[in-house]
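Data block for protein_30.txt (compact mmCIF, C-alpha atoms):
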```txt
# COMPACT_ATOMS: atom_id res chain seq x y z
CA MET A 1278 0.00 0.00 0.00
CA LYS A 1279 2.87 2.36 0.79
CA ASN A 1280 4.33 1.86 -2.69
CA ILE A 1281 1.00 2.85 -4.24
CA SER A 1282 0.71 5.87 -1.95
CA THR A 1283 4.27 6.88 -2.80
CA LEU A 1284 3.48 6.77 -6.52
CA LEU A 1285 0.31 8.77 -5.91
CA LEU A 1286 2.28 11.38 -3.97
CA VAL A 1287 4.89 11.67 -6.73
CA ALA A 1288 2.14 11.93 -9.36
CA SER A 1289 0.25 14.56 -7.38
CA GLN A 1290 3.42 16.62 -7.00
CA PHE A 1291 4.14 16.31 -10.71
CA PHE A 1292 0.70 17.68 -11.68
CA SER A 1293 0.70 20.31 -8.95
CA VAL A 1294 4.21 21.62 -9.63
CA ILE A 1295 3.72 21.69 -13.42
CA GLY A 1296 0.35 23.40 -13.01
CA SER A 1297 1.61 26.09 -10.62
CA SER A 1298 4.87 26.69 -12.54
CA LEU A 1299 2.99 26.92 -15.86
CA GLY A 1300 0.45 29.31 -14.36
CA GLN A 1301 3.09 31.63 -12.95
CA PHE A 1302 5.05 31.60 -16.22
CA LEU A 1303 1.94 32.50 -18.24
CA ILE A 1304 0.93 35.31 -15.87
CA LEU A 1305 4.41 36.86 -15.84
CA LEU A 1306 4.67 36.64 -19.63
CA TYR A 1307 1.18 38.16 -19.96
CA ILE A 1308 2.15 41.11 -17.74
CA LEU A 1309 5.43 41.66 -19.58
CA ASP A 1310 3.81 41.51 -23.03
CA HIS A 1311 0.91 43.82 -22.20
CA SER A 1312 2.79 46.37 -20.11
CA HIS A 1313 6.19 46.41 -21.84
CA SER A 1314 7.32 47.72 -18.48
CA ALA A 1315 10.33 46.52 -16.50
CA THR A 1316 8.77 48.08 -13.40
CA SER A 1317 5.55 46.04 -13.76
CA PHE A 1318 7.50 42.86 -14.52
CA GLY A 1319 9.92 43.39 -11.64
CA THR A 1320 7.02 44.20 -9.33
CA SER A 1321 5.19 41.01 -10.32
CA MET A 1322 8.32 38.95 -9.60
CA ALA A 1323 8.74 40.75 -6.29
CA VAL A 1324 5.09 40.16 -5.36
CA ILE A 1325 5.48 36.38 -5.82
CA SER A 1326 8.69 36.40 -3.76
CA LEU A 1327 7.07 38.54 -1.07
CA GLY A 1328 4.20 36.05 -0.77
CA ARG A 1329 6.69 33.21 -0.35
CA LEU A 1330 8.67 35.24 2.15
CA LEU A 1331 5.71 36.04 4.38
CA ALA A 1332 4.46 32.45 4.34
CA LEU A 1333 7.83 30.74 4.79
CA PRO A 1334 8.00 30.94 8.63
CA PHE A 1335 4.51 29.38 8.87
CA GLY A 1336 5.13 26.50 6.44
CA GLY A 1337 6.66 24.28 9.11
CA VAL A 1338 3.79 25.03 11.48
CA LEU A 1339 1.26 23.90 8.87
CA ALA A 1340 3.26 20.71 8.24
CA ASP A 1341 3.70 19.79 11.92
CA ARG A 1342 0.41 20.80 13.49
CA PHE A 1343 -2.27 20.02 10.92
CA ASN A 1344 -3.41 16.93 9.03
CA GLN A 1345 -0.99 16.70 6.10
CA LYS A 1346 -3.30 15.03 3.59
CA LYS A 1347 -5.98 17.64 4.23
CA SER A 1348 -3.35 20.36 3.97
CA MET A 1349 -2.23 19.10 0.54
CA LEU A 1350 -5.83 18.91 -0.66
CA LEU A 1351 -6.52 22.40 0.66
CA LEU A 1352 -3.45 23.91 -1.04
CA ASP A 1353 -4.20 22.42 -4.46
CA THR A 1354 -7.86 23.38 -4.10
CA CYS A 1355 -6.70 26.96 -3.53
CA TYR A 1356 -4.49 26.71 -6.64
CA LEU A 1357 -7.51 25.52 -8.65
CA PHE A 1358 -9.83 28.20 -7.25
CA LEU A 1359 -7.38 31.04 -7.94
CA THR A 1360 -6.81 29.83 -11.49
CA ILE A 1361 -10.56 29.79 -12.11
CA VAL A 1362 -10.73 33.33 -10.72
CA LEU A 1363 -7.99 34.31 -13.18
CA ILE A 1364 -10.03 32.93 -16.11
CA PHE A 1365 -12.96 35.19 -15.23
CA PHE A 1366 -10.62 38.07 -14.33
CA MET A 1367 -9.42 38.17 -17.95
CA ASP A 1368 -12.97 39.09 -19.03
CA ILE A 1369 -13.70 41.84 -16.54
CA SER A 1370 -10.45 43.75 -16.06
CA THR A 1371 -7.18 44.69 -17.67
CA HIS A 1372 -5.67 46.26 -14.55
CA TYR A 1373 -2.66 44.60 -12.94
CA GLY A 1374 -3.70 45.19 -9.32
CA GLY A 1375 -5.89 42.10 -9.27
CA LEU A 1376 -3.19 40.02 -10.98
CA PHE A 1377 -0.65 41.15 -8.39
CA LEU A 1378 -2.98 40.10 -5.59
CA ILE A 1379 -3.56 36.66 -7.11
CA ILE A 1380 0.13 35.95 -7.77
CA PHE A 1381 0.90 37.15 -4.23
CA VAL A 1382 -1.39 34.42 -2.87
CA LEU A 1383 0.12 31.89 -5.32
CA GLY A 1384 3.54 32.71 -3.89
CA MET A 1385 2.24 32.07 -0.38
CA LEU A 1386 0.78 28.70 -1.41
CA SER A 1387 4.10 27.57 -2.92
CA ALA A 1388 5.88 28.36 0.36
CA PHE A 1389 3.34 26.28 2.33
CA GLU A 1390 3.45 23.27 0.00
CA THR A 1391 7.11 22.21 0.29
CA PRO A 1392 7.29 21.53 4.08
CA VAL A 1393 3.94 19.72 3.99
CA VAL A 1394 5.16 17.31 1.30
CA GLN A 1395 8.47 16.81 3.09
CA ALA A 1396 6.60 15.92 6.29
CA VAL A 1397 4.58 13.25 4.45
CA LEU A 1398 7.58 11.46 2.91
CA PRO A 1399 8.88 9.65 6.06
CA LYS A 1400 5.44 8.10 6.50
CA LEU A 1401 5.57 6.57 3.03
CA ALA A 1402 9.22 5.49 2.72
CA GLN A 1403 12.20 4.71 4.92
CA GLY A 1404 15.93 4.21 4.47
CA ASP A 1405 17.15 4.05 0.88
CA SER A 1406 13.59 4.31 -0.40
CA LEU A 1407 13.19 7.63 1.40
CA ILE A 1408 16.33 8.99 -0.27
CA LYS A 1409 15.07 7.88 -3.69
CA VAL A 1410 11.65 9.44 -3.15
CA ASN A 1411 13.27 12.64 -1.93
CA SER A 1412 15.35 12.71 -5.10
CA MET A 1413 12.24 12.20 -7.24
CA ILE A 1414 10.38 15.02 -5.49
CA SER A 1415 13.41 17.30 -5.90
CA ALA A 1416 13.73 16.35 -9.57
CA ILE A 1417 10.05 17.20 -10.12
CA GLY A 1418 10.71 20.69 -8.74
CA HIS A 1419 13.50 21.25 -11.26
CA LEU A 1420 11.39 19.64 -13.98
CA GLY A 1421 8.65 22.18 -13.32
CA ILE A 1422 11.11 25.02 -13.87
CA ILE A 1423 12.17 23.46 -17.18
CA LEU A 1424 8.80 22.25 -18.52
CA ALA A 1425 6.82 25.38 -17.65
CA PRO A 1426 8.68 27.57 -20.19
CA VAL A 1427 8.51 24.79 -22.81
CA MET A 1428 4.77 24.34 -22.42
CA GLY A 1429 4.10 28.03 -21.81
CA GLY A 1430 6.10 29.20 -24.81
CA SER A 1431 4.40 26.64 -27.03
CA PHE A 1432 0.87 27.27 -25.77
CA TYR A 1433 1.08 31.06 -25.41
CA GLY A 1434 1.27 31.77 -29.12
CA VAL A 1435 -1.29 29.11 -30.07
CA PHE A 1436 -4.08 29.26 -27.47
CA THR A 1437 -5.79 32.14 -25.74
CA MET A 1438 -4.81 32.97 -22.16
CA LYS A 1439 -8.11 31.54 -20.90
CA ILE A 1440 -7.49 28.17 -22.58
CA ASN A 1441 -3.96 28.08 -21.15
CA LEU A 1442 -5.33 28.72 -17.67
CA PHE A 1443 -7.93 25.98 -18.22
CA ILE A 1444 -5.03 23.57 -18.92
CA CYS A 1445 -3.60 24.57 -15.52
CA CYS A 1446 -6.96 23.83 -13.91
CA THR A 1447 -6.94 20.35 -15.46
CA LEU A 1448 -3.50 19.67 -13.99
CA PHE A 1449 -4.69 20.71 -10.51
CA VAL A 1450 -7.73 18.41 -10.83
CA PHE A 1451 -5.37 15.51 -11.58
CA ALA A 1452 -3.26 16.45 -8.55
CA LEU A 1453 -6.32 16.54 -6.30
CA SER A 1454 -7.47 13.16 -7.61
CA CYS A 1455 -4.14 11.58 -6.69
CA GLU A 1456 -4.11 13.21 -3.24
CA ALA A 1457 -7.67 12.06 -2.52
CA LEU A 1458 -6.52 8.43 -3.03
CA LEU A 1459 -3.49 8.80 -0.76
CA LYS A 1460 -3.36 6.51 2.26
CA ILE A 1461 -1.31 8.05 5.06
CA GLU A 1462 -0.87 6.58 8.54
CA SER A 1463 -2.95 8.27 11.19
CA GLU A 1464 -1.20 11.32 12.53
CA ASN A 1465 -0.72 12.44 16.09
CA VAL A 1466 -1.20 16.12 15.47
CA LYS A 1467 0.92 18.16 17.86
CA GLN A 1468 -0.92 20.24 20.39
CA GLN A 1469 -0.46 23.94 20.08
CA GLN A 1470 1.04 25.31 23.30
CA SER A 1471 1.08 28.95 22.20
CA SER A 1472 -0.10 31.14 19.36
CA VAL A 1473 1.28 30.50 15.89
CA ILE A 1474 2.90 33.94 15.88
CA GLN A 1475 4.57 33.25 19.22
CA MET A 1476 5.88 29.84 18.08
CA VAL A 1477 7.37 31.29 14.91
CA ARG A 1478 8.85 34.20 16.84
CA ASN A 1479 10.49 31.89 19.39
CA ASP A 1480 11.91 29.62 16.67
CA LEU A 1481 13.39 32.53 14.70
CA LYS A 1482 14.74 34.11 17.87
CA GLU A 1483 16.51 30.91 18.90
CA ALA A 1484 17.99 30.50 15.41
CA ALA A 1485 19.10 34.14 15.40
CA ASN A 1486 20.80 33.75 18.79
CA TYR A 1487 22.60 30.66 17.57
CA LEU A 1488 23.76 32.40 14.40
CA SER A 1489 25.00 35.41 16.35
CA ALA A 1490 27.13 33.06 18.45
CA LYS A 1491 28.40 31.18 15.38
CA LYS A 1492 29.98 34.08 13.49
CA ILE A 1493 31.22 31.95 10.58
CA ILE A 1494 27.72 30.58 9.89
CA LEU A 1495 26.28 34.09 10.12
CA GLN A 1496 28.89 35.30 7.61
CA VAL A 1497 27.96 32.48 5.23
CA THR A 1498 24.28 33.41 5.60
CA LEU A 1499 24.99 37.06 4.83
CA CYS A 1500 27.13 36.02 1.87
CA ALA A 1501 24.29 33.93 0.44
CA THR A 1502 21.90 36.84 0.98
CA VAL A 1503 24.13 39.33 -0.88
CA LEU A 1504 24.65 36.90 -3.77
CA ASN A 1505 20.90 36.38 -4.06
CA LEU A 1506 20.32 40.13 -4.10
CA LEU A 1507 23.10 40.90 -6.58
CA ILE A 1508 23.00 38.00 -9.04
CA GLY A 1509 19.82 36.01 -8.46
CA SER A 1510 17.48 39.00 -8.61
CA MET A 1511 19.22 40.40 -11.68
CA ILE A 1512 18.93 37.17 -13.64
CA GLN A 1513 15.27 36.73 -12.69
CA THR A 1514 14.22 40.29 -13.53
CA LEU A 1515 16.62 42.17 -15.80
CA ILE A 1516 17.63 39.37 -18.20
CA PRO A 1517 14.04 38.41 -19.23
CA TYR A 1518 13.25 42.12 -19.73
CA ILE A 1519 16.31 42.61 -21.94
CA ALA A 1520 15.44 39.51 -23.96
CA ARG A 1521 11.72 40.17 -24.44
CA VAL A 1522 11.53 43.98 -24.66
CA TYR A 1523 14.97 45.26 -25.66
CA LEU A 1524 16.01 42.40 -27.99
CA GLY A 1525 12.41 41.55 -28.95
CA VAL A 1526 12.88 37.75 -29.01
CA GLY A 1527 9.95 35.48 -29.86
CA ASN A 1528 8.08 32.99 -27.66
CA ILE A 1529 10.41 30.10 -28.53
CA GLU A 1530 13.62 32.01 -27.72
CA TYR A 1531 12.10 33.41 -24.54
CA SER A 1532 11.11 29.89 -23.48
CA ILE A 1533 14.63 28.60 -24.21
CA LEU A 1534 16.04 31.33 -21.96
CA ASN A 1535 13.75 30.29 -19.10
CA ILE A 1536 14.51 26.61 -19.70
CA ASN A 1537 18.20 27.36 -19.35
CA PHE A 1538 17.47 29.06 -16.04
CA GLY A 1539 16.31 25.68 -14.74
CA LEU A 1540 18.93 23.62 -16.58
CA GLY A 1541 21.79 25.81 -15.39
CA SER A 1542 20.77 25.53 -11.74
CA LEU A 1543 20.09 21.80 -12.09
CA LEU A 1544 23.42 21.14 -13.82
CA GLY A 1545 25.31 23.12 -11.19
CA ALA A 1546 23.75 21.04 -8.41
CA ILE A 1547 24.52 17.80 -10.29
CA ILE A 1548 28.14 18.80 -10.85
CA TYR A 1549 28.59 19.69 -7.20
CA GLY A 1550 26.94 16.43 -6.13
CA ALA A 1551 29.11 14.34 -8.46
CA TRP A 1552 32.38 15.95 -7.36
CA SER A 1553 31.40 17.09 -3.87
CA LYS A 1554 34.40 15.43 -2.22
CA LYS A 1555 36.79 17.45 -4.36
CA LEU A 1556 34.81 20.69 -4.62
CA ALA A 1557 34.05 20.89 -0.90
CA ARG A 1558 37.81 21.10 -0.26
CA LYS A 1559 38.33 23.83 -2.86
CA ASN A 1560 38.25 27.59 -2.45
CA LEU A 1561 35.27 28.36 -4.69
CA TRP A 1562 35.72 32.14 -4.81
CA PHE A 1563 37.03 31.79 -8.37
CA LEU A 1564 33.61 30.58 -9.54
CA LEU A 1565 32.13 33.88 -8.42
CA PHE A 1566 34.98 35.69 -10.18
CA LEU A 1567 34.11 33.87 -13.40
CA SER A 1568 30.44 34.76 -12.91
CA GLY A 1569 31.44 38.41 -12.94
CA ILE A 1570 33.35 37.83 -16.19
CA CYS A 1571 30.21 36.27 -17.70
CA MET A 1572 28.24 39.39 -16.76
CA MET A 1573 30.81 41.51 -18.54
CA VAL A 1574 30.45 39.29 -21.63
CA VAL A 1575 26.70 39.97 -21.60
CA SER A 1576 27.40 43.69 -21.33
CA TYR A 1577 29.85 43.50 -24.22
CA ALA A 1578 27.31 41.72 -26.43
CA LEU A 1579 24.72 44.43 -25.78
CA MET A 1580 27.22 47.28 -26.08
CA GLN A 1581 28.51 46.21 -29.50
CA ARG A 1582 25.03 46.60 -31.01
CA LEU A 1583 25.15 43.14 -32.52
CA SER A 1584 22.05 41.77 -34.16
CA PRO A 1585 19.34 40.92 -31.62
CA THR A 1586 19.72 37.23 -32.44
CA ASN A 1587 23.48 37.17 -31.84
CA SER A 1588 23.16 39.28 -28.69
CA PHE A 1589 20.48 36.95 -27.35
CA TRP A 1590 22.49 33.76 -27.86
CA ILE A 1591 25.65 35.27 -26.36
CA MET A 1592 23.62 36.47 -23.37
CA ASN A 1593 21.89 33.08 -23.09
CA GLY A 1594 25.20 31.19 -23.04
CA ALA A 1595 26.85 33.54 -20.54
CA ILE A 1596 23.86 33.49 -18.18
CA SER A 1597 23.68 29.69 -18.37
CA LEU A 1598 27.33 29.43 -17.30
CA THR A 1599 26.70 31.96 -14.54
CA LEU A 1600 23.78 29.92 -13.21
CA ILE A 1601 25.87 26.73 -13.18
CA MET A 1602 28.57 28.41 -11.10
CA PHE A 1603 26.07 30.30 -8.93
CA SER A 1604 24.26 27.03 -8.18
CA MET A 1605 27.50 25.30 -7.18
CA ILE A 1606 28.37 28.15 -4.81
CA SER A 1607 24.86 28.14 -3.32
CA VAL A 1608 24.90 24.36 -2.72
CA HIS A 1609 28.33 24.67 -1.10
CA LEU A 1610 27.19 27.46 1.24
CA MET A 1611 24.00 25.63 2.23
CA SER A 1612 25.89 22.36 2.72
CA TYR A 1613 28.35 24.06 5.04
CA VAL A 1614 25.54 25.47 7.17
CA GLN A 1615 23.90 22.04 7.39
CA VAL A 1616 27.16 20.26 8.30
CA LYS A 1617 28.26 22.79 10.91
CA SER A 1618 24.90 23.45 12.61
CA GLN A 1619 23.77 21.54 15.68
CA PRO A 1620 21.51 18.65 14.59
CA GLU A 1621 18.59 19.78 16.74
CA LEU A 1622 18.78 23.29 15.25
CA ILE A 1623 19.31 22.51 11.57
CA GLY A 1624 15.67 22.99 10.62
CA ARG A 1625 15.35 26.34 12.36
CA VAL A 1626 18.74 27.56 11.20
CA MET A 1627 18.00 26.63 7.58
CA SER A 1628 14.58 28.28 7.86
CA PHE A 1629 16.28 31.46 9.07
CA VAL A 1630 18.86 31.25 6.26
CA PHE A 1631 16.18 30.86 3.59
CA PHE A 1632 14.07 33.58 5.18
CA LEU A 1633 16.92 36.08 5.23
CA SER A 1634 17.99 35.17 1.69
CA MET A 1635 14.43 35.45 0.35
CA LEU A 1636 14.01 38.75 2.18
CA MET A 1637 16.35 40.33 -0.35
CA THR A 1638 14.67 38.78 -3.40
CA PRO A 1639 11.69 41.16 -3.72
CA VAL A 1640 13.99 44.07 -2.87
CA GLY A 1641 16.38 43.11 -5.66
CA GLN A 1642 13.61 42.39 -8.17
CA SER A 1643 11.91 45.72 -7.54
CA LEU A 1644 15.25 47.56 -7.66
CA TYR A 1645 16.32 46.01 -10.96
CA GLY A 1646 12.87 46.58 -12.43
CA TRP A 1647 13.00 50.27 -11.43
CA LEU A 1648 16.56 50.69 -12.73
CA ALA A 1649 15.71 49.07 -16.09
CA GLU A 1650 12.71 51.37 -16.42
CA THR A 1651 14.71 54.46 -15.46
CA ILE A 1652 17.81 53.81 -17.55
CA ASN A 1653 17.62 54.32 -21.31
CA ALA A 1654 17.12 50.95 -23.01
CA GLN A 1655 20.22 51.55 -25.13
CA SER A 1656 22.29 51.92 -21.95
CA LEU A 1657 21.21 48.73 -20.14
CA TYR A 1658 24.62 47.25 -20.87
CA ILE A 1659 26.06 49.75 -18.36
CA LEU A 1660 23.89 48.31 -15.58
CA VAL A 1661 24.97 44.76 -16.47
CA LEU A 1662 28.61 45.91 -16.59
CA ILE A 1663 28.34 47.47 -13.12
CA VAL A 1664 26.89 44.21 -11.74
CA GLY A 1665 29.78 42.30 -13.33
CA ILE A 1666 32.38 44.60 -11.78
CA ILE A 1667 30.74 44.42 -8.34
CA THR A 1668 30.60 40.62 -8.60
CA ILE A 1669 34.33 40.44 -9.38
CA LEU A 1670 35.17 42.74 -6.46
CA LEU A 1671 32.89 40.71 -4.17
CA SER A 1672 34.62 37.47 -5.20
CA ILE A 1673 37.96 38.93 -4.10
CA LEU A 1674 36.44 40.23 -0.88
CA ILE A 1675 34.96 36.85 0.16
CA LYS A 1676 38.02 34.82 -0.83
CA PRO A 1677 39.18 34.51 2.81
CA LEU A 1678 35.69 33.41 3.89
CA MET A 1679 35.47 30.77 1.16
CA LYS A 1680 38.85 29.48 2.29
CA LYS A 1681 37.56 29.08 5.84
CA ILE A 1682 34.49 27.08 4.86
CA ARG A 1683 36.23 24.36 2.90
CA MET A 1684 34.98 21.01 4.20
CA SER A 1685 36.27 17.46 4.52
CA VAL A 1686 33.54 15.12 3.29
```
Spit out the file's structure as structure tokens when you get a sec.
Amino acid sequence: MKNISTLLLVASQFFSVIGSSLGQFLILLYILDHSHSATSFGTSMAVISLGRLLALPFGGVLADRFNQKKSMLLLDTCYLFLTIVLIFFMDISTHYGGLFLIIFVLGMLSAFETPVVQAVLPKLAQGDSLIKVNSMISAIGHLGIILAPVMGGSFYGVFTMKINLFICCTLFVFALSCEALLKIESENVKQQQSSVIQMVRNDLKEAANYLSAKKIILQVTLCATVLNLLIGSMIQTLIPYIARVYLGVGNIEYSILNINFGLGSLLGAIIYGAWSKKLARKNLWFLLFLSGICMMVVSYALMQRLSPTNSFWIMNGAISLTLIMFSMISVHLMSYVQVKSQPELIGRVMSFVFFLSMLMTPVGQSLYGWLAETINAQSLYILVLIVGIITILLSILIKPLMKKIRMSV
């Protein structure tokens, strides 16, 4: 029975992740195409991140203190309901305020979903089977990032937005059907000893006190936060704007760019996993240095006024390499925090790390969106060049820190 339930869980996650990823891709592309505004696009990205950020501290509470099967059904029902609302919203309004509200809630739902699913896994698999199922669930997450642009780019130019959203609804119905058939062992739901706000506050306070005592872990956390603000936010916001609005690429090219976002991050994680014993002992500051060089290559391609096609493919290649290296650095930093943290505090420490890192995401997305809107489109290469220079200087600055956090694994 557990094997069947495991397959149902994997299937439900597949449909749910593809549906939510496809929906977000379509909404963001719709906003970018109809507004032609970097500010609106950056704001929409920031709104999704802000929803995730606000919900992140409560995700563990939902997973630990409520029935997990009912929680999964509730979350996917909310996905389905919001998508139906979007279908009708397309008929009655062209304003972006309602879209921003809906994608804000979608961001919150995505933050709730991950800890709930992770809490279910130990009840369905143990030992090696648990590791395999974890890998499958993780792979589905990356697959959603890759498939959403493929499906979205293909469907966007063929079907109307309402039909595309109906496809998302169908995927959520499949997810709900799988979850309804799930058989999970009866749960001993933990009793709530204090308010949810108080529990979250106490957990974050304890993690913050621990980090303040462990200066090296705090430095790694701050490093990850700065990298997410500087590089992650730029790639998510500025690069799609340059490709779609400045270079004017079509749906297929735009989809390829977004696919490479997922492939680059996935490949970086695979490379680090395959050679972790060697890479963990290396000083990885040079990868960040090379990332800065890649940014300068992007700037050069835009500055030389090459044809839009050539500029796009040079930018695509350089950003893909950057994402591979950025992913390797991120995995290394997170692995160090996990290895060096006290076992009983790992969950709370990692929650604090992700919370602090995500805190900078909407800030960076809004900032890059505003800068792209303010700066003349012909001068965007200057902004990319500045980011490249700062990245190179930062790589030199954190070289001593990266030397300290080399690990023996």
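Atom to atom, CA of Gln1642 (chain A) and CA of Leu1506 (chain A) stand 8.2 Å apart.
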Identify, on the basis of only C-alpha atoms, every residue whose closest approach to Leu1674 (chain A) does not exceed 12 Å; exclude the query and any residue fewer than 3 positions from it along the same chain; express the result as a PyMOL selection string.
chain A and resi 1500+1562-1563+1565-1566+1667-1671+1677-1680
So, counting only C-alpha atoms, which residue among A:Val1661, A:Thr1586, A:Ser1489, A:Leu1504 is closest to Ile1570 (chain A)?
A:Val1661
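The residue that comes closest to Val1614 (chain A), out of A:Ile1682, A:Ile1548, A:Ile1423, A:Ile1601 and on the basis of all atoms listed in the file, is A:Ile1682.
Residue nearest Leu1401 (chain A) within the list A:Thr1599, A:Asn1280, A:Gln1301, A:Ser1293: A:Asn1280 [criterion: smallest interatomic distance, all atoms listed in the file].
Near Ser1643 (chain A), within 12 Å and counting all atoms listed in the file, sit A:Ala1315, A:Thr1316, A:Ser1317, A:Phe1318, A:Gly1319, A:Thr1320, A:Ser1321, A:Met1322, A:Ala1323, A:Val1324, A:Ile1325, A:Ser1326, A:Leu1327, A:Leu1506, A:Ser1510, A:Met1511, A:Gln1513, A:Thr1514, A:Leu1515, A:Met1637, A:Thr1638, A:Pro1639, A:Trp1647, A:Leu1648, A:Ala1649, A:Glu1650; same-chain residues fewer than 4 positions away were not included.
Taking CA of Val1574 (chain A) and CA of Ala1595 (chain A) as endpoints, the distance between them is 6.9 Å.
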Neighbours of Ile1659 (chain A) within 12 Å (all atoms listed in the file; same-chain residues fewer than 4 positions away dropped), as a list in words?
Met1572, Met1573, Val1574, Val1575, Ser1576, Tyr1577, Ala1578, Leu1579, Met1580, Gln1581, Leu1648, Ala1649, Ile1652, Asn1653, Ala1654, Gln1655, Ile1663, Val1664, Gly1665 and Ile1666 of chain A
